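Remarks on the structure that follows.
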Amino acid sequence: MEKHLLVTISEEKSALYGVRFVGRFFTNAENLRLTLFASAPQAPDVMGTGLGYEGKLRAEEYDELARRRSQEAVDRARNLLRERGFPSESLEGKIASRRFSKVMDIVQEAEAGMYDAVVLGRRGLGRLEEALEQSVTQGLVQESMTIPLWICRMPEINRKNVLACVDGSVPAYQAVDHASFMLADEPGHDLTLLKVNAAGEDAENETVFAKCLEICKDNGLDASRVSTLVIHDTSAAQAILAEVERGRYAAVAVGHSGRSRRLMSRFLFGSVSMTLLRQLMGAALWVCR
């Protein structure tokens, strides 16, 4: 089944982290289509400011420069993916003049295009640059976007497979659904289902894993490519981070309810996912609803 990803592009070099992750992760690009999307900033509206014709010309020059730089960024991404063996016909460039904020432009394009995932690149740098990128990332996570978000923070080569964190909640099952759908015809990666339990919380293990395996089967992911893992730890976030490094996973899939934190379980967008968002590097974070 064809999969269609919205890969966000910008002038920032960090945007290429998402491109590089996609280029390295997929070994079978036959059923994959990528839209390379850039939201070009627009000059402020000069009408009513008294700047007159000169101000209008400057605004037009700004808009033209922004679109040209966005096009250059899209072209760089396209060339990188071609070098990784992606056929030109599967790569579409799309530049939109920013109508709202960068976050809302991405959300609107994602929902209108009914993509299977939105890919976002991030990097860990100085505090100011990190804060700017964090604002976009958190904005996308906190919006009521129903499409999974892939957050790619300095992805490392030579990683493989996906770790899906499960806890019996509906969003966690949605994370399994998304991960198994993406991996069904991607032979380069297998899926591990991880359940982190405190002492004495093993009663639901079999029920949760059985439902996850049924979801994988429905998506065409063979049971031989799915494994289960239970870890006992008082800190779910640290247990996940340790397992990601031990197993050298390429991606971690978690669920997000979109509701208030008091209603969230440990694997939703509460303290655990916040920790992963801040600390996970090398592997991509797949946030699913």
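Residue names in the structure tokens use chain letters A, B, ... in the order shown, residue numbers from 1 in each chain, and ligand numbers from 1 in the order shown.
Excluding A:Glu2 and any residue on its chain fewer than 5 positions from it, the residues at most 12 Å away by only C-alpha atoms are Asn28, Ala29, Glu30, Asn31, Leu32, Arg33, Leu34, Ser90, Tyr115, Asp116, Phe181, Met182, Leu183, Ala184, Asp185 and Glu186 of chain A.
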What does the file look like for those residues with C-alpha atoms, as a CSV table (one decimal), in the first residue's frame?
chain,number,residue,atom,x,y,z
A,28,ASN,CA,12.0,0.0,-0.1
A,29,ALA,CA,10.9,3.2,-1.8
A,30,GLU,CA,8.6,1.5,-4.3
A,31,ASN,CA,5.4,2.4,-2.5
A,32,LEU,CA,6.6,5.6,-0.9
A,33,ARG,CA,5.7,9.1,-2.0
A,34,LEU,CA,7.2,12.2,-0.4
A,90,SER,CA,8.1,10.0,-6.0
A,115,TYR,CA,-0.7,12.3,4.7
A,116,ASP,CA,0.4,9.2,6.6
A,181,PHE,CA,1.5,0.0,8.8
A,182,MET,CA,4.8,1.8,8.0
A,183,LEU,CA,6.8,-1.4,8.4
A,184,ALA,CA,4.6,-3.9,6.7
A,185,ASP,CA,6.4,-3.7,3.3
A,186,GLU,CA,9.6,-2.2,4.7
For A:Val7, please output as a PyMOL selection string all residues within 12 Å (counting only C-alpha atoms; exclusion window: fewer than 4 positions along the same chain).
chain A and resi 15-23+33-39+73-74+77-78+81+91-95+106+109-110+115-121+149-152
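Of note, atom CA of A:Gln42 and atom CA of A:Tyr62 are spaced 7.2 Å apart.
The gap separating atom CA of A:Gly255 from atom CA of A:Ala112 is 22.1 Å, in Å to one decimal.
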Name all residues at most 12 Å from A:Lys211 (count only C-alpha atoms; drop same-chain ones fewer than 3 positions away) and give them as a PyMOL selection string.
chain A and resi 166-170+172-174+176-177+193+204-208+214-218
File dump, residues just selected, C-alpha atoms, as a PDB file, in the first residue's frame:
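The resulting file, out.pdb, is shown below:
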ATOM      1  CA  VAL A 166       2.451   0.311  24.833  1.00  0.00           C
ATOM      2  CA  ASP A 167       0.368   0.618  27.987  1.00  0.00           C
ATOM      3  CA  GLY A 168      -3.125  -0.539  27.023  1.00  0.00           C
ATOM      4  CA  SER A 169      -4.367   2.933  26.092  1.00  0.00           C
ATOM      5  CA  VAL A 170      -6.075   3.798  22.803  1.00  0.00           C
ATOM      6  CA  ALA A 172      -0.673   3.587  22.374  1.00  0.00           C
ATOM      7  CA  TYR A 173      -2.574   1.119  20.173  1.00  0.00           C
ATOM      8  CA  GLN A 174      -2.692   3.842  17.516  1.00  0.00           C
ATOM      9  CA  VAL A 176       1.322   0.346  17.121  1.00  0.00           C
ATOM     10  CA  ASP A 177      -1.107   0.675  14.236  1.00  0.00           C
ATOM     11  CA  LEU A 193       6.554  -3.793  21.580  1.00  0.00           C
ATOM     12  CA  GLU A 204      -2.387  -6.982  31.656  1.00  0.00           C
ATOM     13  CA  ASN A 205       0.743  -7.911  29.706  1.00  0.00           C
ATOM     14  CA  GLU A 206      -0.769 -10.780  27.715  1.00  0.00           C
ATOM     15  CA  THR A 207      -3.964  -8.868  26.909  1.00  0.00           C
ATOM     16  CA  VAL A 208      -2.104  -5.767  25.726  1.00  0.00           C
ATOM     17  CA  GLU A 214      -3.712  -8.455  16.136  1.00  0.00           C
ATOM     18  CA  ILE A 215      -3.227  -4.856  14.958  1.00  0.00           C
ATOM     19  CA  CYS A 216       0.085  -5.812  13.351  1.00  0.00           C
ATOM     20  CA  LYS A 217      -1.540  -8.756  11.607  1.00  0.00           C
ATOM     21  CA  ASP A 218      -4.324  -6.571  10.242  1.00  0.00           C
TER      22      ASP A 218
END
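Of the residues under consideration (A:Leu213, A:Val252, A:Ala179, A:Leu65), A:Leu213 shows the shortest atom-to-atom contact distance to A:Thr228 when counting only C-alpha atoms.
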With distances taken over only C-alpha atoms, the candidate from A:His178, A:Glu201, A:Leu6, A:Thr275 nearest A:Gly220 is A:His178
Apply DSSP to the structure's backbone, then extract all residues of stretch 20-230 of chain A labelled strand (DSSP E) and return them as a compact mmCIF listing (two decimals) with all heavy atoms, in the first residue's frame.
# COMPACT_ATOMS: atom_id res chain seq x y z
N LEU A 32 6.44 4.43 -1.72
CA LEU A 32 6.58 5.61 -0.88
C LEU A 32 6.55 6.87 -1.73
O LEU A 32 7.24 6.98 -2.74
CB LEU A 32 7.90 5.54 -0.10
CG LEU A 32 8.13 6.63 0.95
CD1 LEU A 32 7.13 6.51 2.09
CD2 LEU A 32 9.55 6.53 1.50
N ARG A 33 5.74 7.83 -1.29
CA ARG A 33 5.66 9.14 -1.96
C ARG A 33 5.95 10.23 -0.94
O ARG A 33 5.42 10.20 0.17
CB ARG A 33 4.27 9.32 -2.60
CG ARG A 33 4.15 10.55 -3.48
CD ARG A 33 3.01 10.38 -4.49
NE ARG A 33 1.75 10.08 -3.85
CZ ARG A 33 0.80 10.99 -3.60
NH1 ARG A 33 1.00 12.26 -3.95
NH2 ARG A 33 -0.34 10.65 -3.05
N LEU A 34 6.79 11.19 -1.33
CA LEU A 34 7.21 12.24 -0.41
C LEU A 34 6.84 13.61 -0.98
O LEU A 34 7.14 13.89 -2.14
CB LEU A 34 8.72 12.19 -0.17
CG LEU A 34 9.30 10.86 0.31
CD1 LEU A 34 10.81 10.95 0.43
CD2 LEU A 34 8.69 10.46 1.65
N THR A 35 6.21 14.43 -0.16
CA THR A 35 5.99 15.83 -0.51
C THR A 35 6.92 16.67 0.34
O THR A 35 6.84 16.64 1.58
CB THR A 35 4.53 16.25 -0.27
OG1 THR A 35 3.68 15.53 -1.19
CG2 THR A 35 4.35 17.74 -0.51
N LEU A 36 7.82 17.41 -0.31
CA LEU A 36 8.79 18.25 0.38
C LEU A 36 8.15 19.63 0.51
O LEU A 36 8.02 20.36 -0.47
CB LEU A 36 10.09 18.31 -0.42
CG LEU A 36 10.65 16.93 -0.83
CD1 LEU A 36 11.88 17.09 -1.70
CD2 LEU A 36 10.95 16.08 0.40
N PHE A 37 7.76 19.98 1.72
CA PHE A 37 6.91 21.15 1.95
C PHE A 37 7.67 22.25 2.68
O PHE A 37 8.26 22.04 3.74
CB PHE A 37 5.68 20.75 2.77
CG PHE A 37 4.77 21.89 3.12
CD1 PHE A 37 3.93 22.42 2.16
CD2 PHE A 37 4.77 22.44 4.39
CE1 PHE A 37 3.08 23.49 2.47
CE2 PHE A 37 3.93 23.49 4.72
CZ PHE A 37 3.08 24.03 3.75
N ALA A 38 7.64 23.46 2.09
CA ALA A 38 8.25 24.63 2.72
C ALA A 38 7.20 25.72 2.87
O ALA A 38 6.46 26.02 1.93
CB ALA A 38 9.43 25.13 1.90
N SER A 39 7.16 26.32 4.04
CA SER A 39 6.27 27.46 4.30
C SER A 39 7.12 28.72 4.27
O SER A 39 7.87 29.01 5.20
CB SER A 39 5.60 27.30 5.67
OG SER A 39 4.90 28.47 6.04
N ALA A 40 7.05 29.47 3.16
CA ALA A 40 7.90 30.64 2.97
C ALA A 40 7.32 31.83 3.72
O ALA A 40 6.16 32.19 3.53
CB ALA A 40 8.03 30.97 1.49
N LEU A 91 9.00 12.23 -5.68
CA LEU A 91 9.36 13.41 -4.90
C LEU A 91 8.65 14.65 -5.45
O LEU A 91 8.89 15.06 -6.58
CB LEU A 91 10.87 13.63 -4.93
CG LEU A 91 11.74 12.44 -4.51
CD1 LEU A 91 13.22 12.77 -4.72
CD2 LEU A 91 11.47 12.06 -3.06
N GLU A 92 7.80 15.24 -4.65
CA GLU A 92 7.08 16.44 -5.06
C GLU A 92 7.49 17.61 -4.17
O GLU A 92 7.47 17.51 -2.94
CB GLU A 92 5.57 16.23 -4.94
CG GLU A 92 4.75 17.49 -5.23
CD GLU A 92 3.30 17.35 -4.83
OE1 GLU A 92 2.92 16.30 -4.29
OE2 GLU A 92 2.54 18.32 -5.06
N GLY A 93 7.87 18.71 -4.77
CA GLY A 93 8.17 19.92 -4.01
C GLY A 93 6.95 20.82 -3.92
O GLY A 93 6.21 20.96 -4.89
N LYS A 94 6.72 21.41 -2.76
CA LYS A 94 5.57 22.28 -2.59
C LYS A 94 5.96 23.45 -1.69
O LYS A 94 6.38 23.25 -0.55
CB LYS A 94 4.40 21.51 -1.97
CG LYS A 94 3.10 22.29 -1.94
CD LYS A 94 1.93 21.39 -1.57
CE LYS A 94 0.60 22.11 -1.71
NZ LYS A 94 -0.54 21.22 -1.39
N ILE A 95 5.82 24.67 -2.22
CA ILE A 95 6.15 25.87 -1.46
C ILE A 95 4.88 26.69 -1.29
O ILE A 95 4.20 27.01 -2.27
CB ILE A 95 7.22 26.70 -2.17
CG1 ILE A 95 8.51 25.88 -2.32
CG2 ILE A 95 7.51 27.99 -1.40
CD1 ILE A 95 9.56 26.54 -3.16
N ALA A 96 4.56 27.02 -0.06
CA ALA A 96 3.37 27.80 0.24
C ALA A 96 3.78 29.11 0.90
O ALA A 96 4.63 29.12 1.79
CB ALA A 96 2.43 27.03 1.16
N SER A 97 3.20 30.21 0.45
CA SER A 97 3.42 31.48 1.13
C SER A 97 2.73 31.43 2.48
O SER A 97 1.56 31.05 2.57
CB SER A 97 2.86 32.63 0.30
OG SER A 97 3.56 32.75 -0.93
N ALA A 117 2.11 10.69 7.61
CA ALA A 117 2.93 11.23 8.70
C ALA A 117 3.52 12.56 8.26
O ALA A 117 3.67 12.82 7.06
CB ALA A 117 4.05 10.25 9.09
N VAL A 118 3.85 13.39 9.25
CA VAL A 118 4.55 14.64 9.03
C VAL A 118 5.95 14.48 9.60
O VAL A 118 6.11 14.06 10.76
CB VAL A 118 3.85 15.83 9.71
CG1 VAL A 118 4.67 17.10 9.56
CG2 VAL A 118 2.46 16.02 9.14
N VAL A 119 6.98 14.79 8.82
CA VAL A 119 8.37 14.61 9.23
C VAL A 119 8.98 15.97 9.54
O VAL A 119 8.94 16.88 8.70
CB VAL A 119 9.18 13.90 8.13
CG1 VAL A 119 10.62 13.67 8.59
CG2 VAL A 119 8.51 12.58 7.74
N LEU A 120 9.54 16.10 10.73
CA LEU A 120 10.12 17.36 11.19
C LEU A 120 11.54 17.12 11.66
O LEU A 120 11.79 16.22 12.48
CB LEU A 120 9.28 17.93 12.33
CG LEU A 120 9.74 19.25 12.96
CD1 LEU A 120 9.54 20.40 11.97
CD2 LEU A 120 8.98 19.52 14.25
N GLY A 121 12.50 17.91 11.17
CA GLY A 121 13.89 17.80 11.61
C GLY A 121 14.17 18.74 12.76
O GLY A 121 13.65 19.85 12.82
N ARG A 122 14.99 18.28 13.71
CA ARG A 122 15.40 19.10 14.85
C ARG A 122 16.87 18.86 15.13
O ARG A 122 17.43 17.84 14.77
CB ARG A 122 14.62 18.74 16.12
CG ARG A 122 13.22 19.30 16.19
CD ARG A 122 12.66 19.10 17.57
NE ARG A 122 13.42 19.85 18.55
CZ ARG A 122 13.52 19.51 19.85
NH1 ARG A 122 12.93 18.44 20.28
NH2 ARG A 122 14.22 20.25 20.67
N LEU A 149 3.33 12.53 13.90
CA LEU A 149 4.43 13.47 13.72
C LEU A 149 5.74 12.76 14.01
O LEU A 149 5.92 12.18 15.08
CB LEU A 149 4.25 14.66 14.67
CG LEU A 149 5.39 15.68 14.71
CD1 LEU A 149 5.52 16.39 13.37
CD2 LEU A 149 5.16 16.69 15.84
N TRP A 150 6.65 12.79 13.03
CA TRP A 150 7.98 12.21 13.21
C TRP A 150 8.95 13.33 13.55
O TRP A 150 9.19 14.22 12.73
CB TRP A 150 8.45 11.50 11.95
CG TRP A 150 7.66 10.29 11.57
CD1 TRP A 150 6.49 9.85 12.12
CD2 TRP A 150 7.98 9.35 10.54
NE1 TRP A 150 6.07 8.71 11.49
CE2 TRP A 150 6.96 8.38 10.52
CE3 TRP A 150 9.03 9.26 9.63
CZ2 TRP A 150 6.97 7.32 9.61
CZ3 TRP A 150 9.05 8.21 8.72
CH2 TRP A 150 8.02 7.23 8.72
N ILE A 151 9.55 13.29 14.72
CA ILE A 151 10.50 14.30 15.16
C ILE A 151 11.90 13.69 15.07
O ILE A 151 12.23 12.77 15.82
CB ILE A 151 10.19 14.76 16.60
CG1 ILE A 151 8.75 15.28 16.67
CG2 ILE A 151 11.18 15.83 17.05
CD1 ILE A 151 8.21 15.39 18.08
N CYS A 152 12.69 14.20 14.14
CA CYS A 152 13.99 13.60 13.84
C CYS A 152 15.09 14.52 14.35
O CYS A 152 15.41 15.53 13.72
CB CYS A 152 14.13 13.39 12.34
SG CYS A 152 12.77 12.46 11.60
N ARG A 153 15.66 14.17 15.48
CA ARG A 153 16.68 15.00 16.11
C ARG A 153 18.03 14.33 15.96
O ARG A 153 18.35 13.36 16.63
CB ARG A 153 16.34 15.20 17.59
CG ARG A 153 17.24 16.17 18.31
CD ARG A 153 16.81 16.29 19.76
NE ARG A 153 17.58 17.31 20.46
CZ ARG A 153 17.48 17.52 21.77
NH1 ARG A 153 16.64 16.81 22.48
NH2 ARG A 153 18.21 18.44 22.35
N VAL A 162 12.06 -0.43 15.01
CA VAL A 162 11.20 0.53 15.69
C VAL A 162 10.76 -0.04 17.03
O VAL A 162 10.40 -1.21 17.14
CB VAL A 162 9.96 0.87 14.83
CG1 VAL A 162 9.02 1.80 15.59
CG2 VAL A 162 10.38 1.50 13.51
N LEU A 163 10.80 0.81 18.05
CA LEU A 163 10.34 0.45 19.39
C LEU A 163 9.01 1.15 19.64
O LEU A 163 8.94 2.38 19.62
CB LEU A 163 11.38 0.91 20.43
CG LEU A 163 11.09 0.57 21.89
CD1 LEU A 163 11.25 -0.94 22.12
CD2 LEU A 163 12.02 1.36 22.81
N ALA A 164 7.95 0.39 19.84
CA ALA A 164 6.63 0.95 20.10
C ALA A 164 6.29 0.78 21.58
O ALA A 164 6.30 -0.34 22.09
CB ALA A 164 5.56 0.29 19.24
N CYS A 165 6.02 1.89 22.26
CA CYS A 165 5.73 1.86 23.70
C CYS A 165 4.23 1.67 23.92
O CYS A 165 3.43 2.45 23.41
CB CYS A 165 6.19 3.16 24.34
SG CYS A 165 7.94 3.52 24.05
N LEU A 191 9.72 -4.73 14.46
CA LEU A 191 9.01 -3.96 15.48
C LEU A 191 9.13 -4.65 16.84
O LEU A 191 8.89 -5.86 16.95
CB LEU A 191 7.53 -3.81 15.10
CG LEU A 191 6.63 -3.05 16.08
CD1 LEU A 191 7.06 -1.59 16.18
CD2 LEU A 191 5.17 -3.13 15.63
N THR A 192 9.48 -3.89 17.87
CA THR A 192 9.49 -4.37 19.24
C THR A 192 8.44 -3.63 20.04
O THR A 192 8.40 -2.39 20.03
CB THR A 192 10.87 -4.18 19.90
OG1 THR A 192 11.85 -4.95 19.21
CG2 THR A 192 10.84 -4.62 21.35
N LEU A 193 7.59 -4.37 20.73
CA LEU A 193 6.55 -3.79 21.58
C LEU A 193 7.08 -3.76 23.01
O LEU A 193 7.38 -4.79 23.59
CB LEU A 193 5.27 -4.63 21.51
CG LEU A 193 4.72 -4.91 20.11
CD1 LEU A 193 3.57 -5.91 20.18
CD2 LEU A 193 4.27 -3.61 19.45
N LEU A 194 7.20 -2.57 23.58
CA LEU A 194 7.76 -2.41 24.92
C LEU A 194 6.69 -1.97 25.90
O LEU A 194 5.97 -1.00 25.67
CB LEU A 194 8.88 -1.36 24.89
CG LEU A 194 9.40 -0.90 26.26
CD1 LEU A 194 10.07 -2.06 27.00
CD2 LEU A 194 10.35 0.28 26.13
N LYS A 195 6.64 -2.68 27.02
CA LYS A 195 5.75 -2.30 28.12
C LYS A 195 6.60 -2.15 29.37
O LYS A 195 7.27 -3.09 29.79
CB LYS A 195 4.66 -3.36 28.32
CG LYS A 195 3.51 -2.92 29.23
CD LYS A 195 2.36 -3.94 29.16
CE LYS A 195 1.16 -3.42 29.95
NZ LYS A 195 1.41 -3.45 31.40
N VAL A 196 6.61 -0.93 29.93
CA VAL A 196 7.36 -0.67 31.14
C VAL A 196 6.40 -0.75 32.33
O VAL A 196 5.42 -0.01 32.39
CB VAL A 196 8.03 0.72 31.11
CG1 VAL A 196 8.82 0.94 32.40
CG2 VAL A 196 8.96 0.83 29.90
N ASN A 197 6.70 -1.64 33.25
CA ASN A 197 5.83 -1.86 34.40
C ASN A 197 6.54 -1.53 35.70
O ASN A 197 7.75 -1.78 35.83
CB ASN A 197 5.36 -3.32 34.47
CG ASN A 197 4.44 -3.70 33.34
OD1 ASN A 197 3.91 -2.83 32.64
ND2 ASN A 197 4.26 -4.99 33.13
N VAL A 226 7.75 -9.26 14.77
CA VAL A 226 7.30 -8.53 15.95
C VAL A 226 7.74 -9.26 17.21
O VAL A 226 7.53 -10.46 17.34
CB VAL A 226 5.76 -8.37 15.96
CG1 VAL A 226 5.32 -7.53 17.16
CG2 VAL A 226 5.26 -7.76 14.66
N SER A 227 8.37 -8.55 18.11
CA SER A 227 8.78 -9.13 19.39
C SER A 227 8.20 -8.29 20.53
O SER A 227 7.83 -7.13 20.34
CB SER A 227 10.30 -9.20 19.49
OG SER A 227 10.88 -7.91 19.38
N THR A 228 8.13 -8.88 21.73
CA THR A 228 7.60 -8.18 22.89
C THR A 228 8.67 -8.11 23.98
O THR A 228 9.52 -8.98 24.09
CB THR A 228 6.35 -8.88 23.43
OG1 THR A 228 6.70 -10.20 23.85
CG2 THR A 228 5.26 -8.95 22.37
N LEU A 229 8.58 -7.06 24.78
CA LEU A 229 9.57 -6.84 25.83
C LEU A 229 8.90 -6.16 27.01
O LEU A 229 8.17 -5.17 26.83
CB LEU A 229 10.71 -5.96 25.29
CG LEU A 229 11.79 -5.53 26.29
CD1 LEU A 229 12.56 -6.73 26.81
CD2 LEU A 229 12.74 -4.52 25.64
N VAL A 230 9.13 -6.69 28.20
CA VAL A 230 8.64 -6.09 29.43
C VAL A 230 9.84 -5.69 30.28
O VAL A 230 10.75 -6.50 30.51
CB VAL A 230 7.73 -7.04 30.22
CG1 VAL A 230 7.32 -6.41 31.55
CG2 VAL A 230 6.51 -7.41 29.41
Can you list, as a count of residues only, all residues belonging to stretch 94-227 of chain A that DSSP tags as alpha helix (DSSP H)?
56
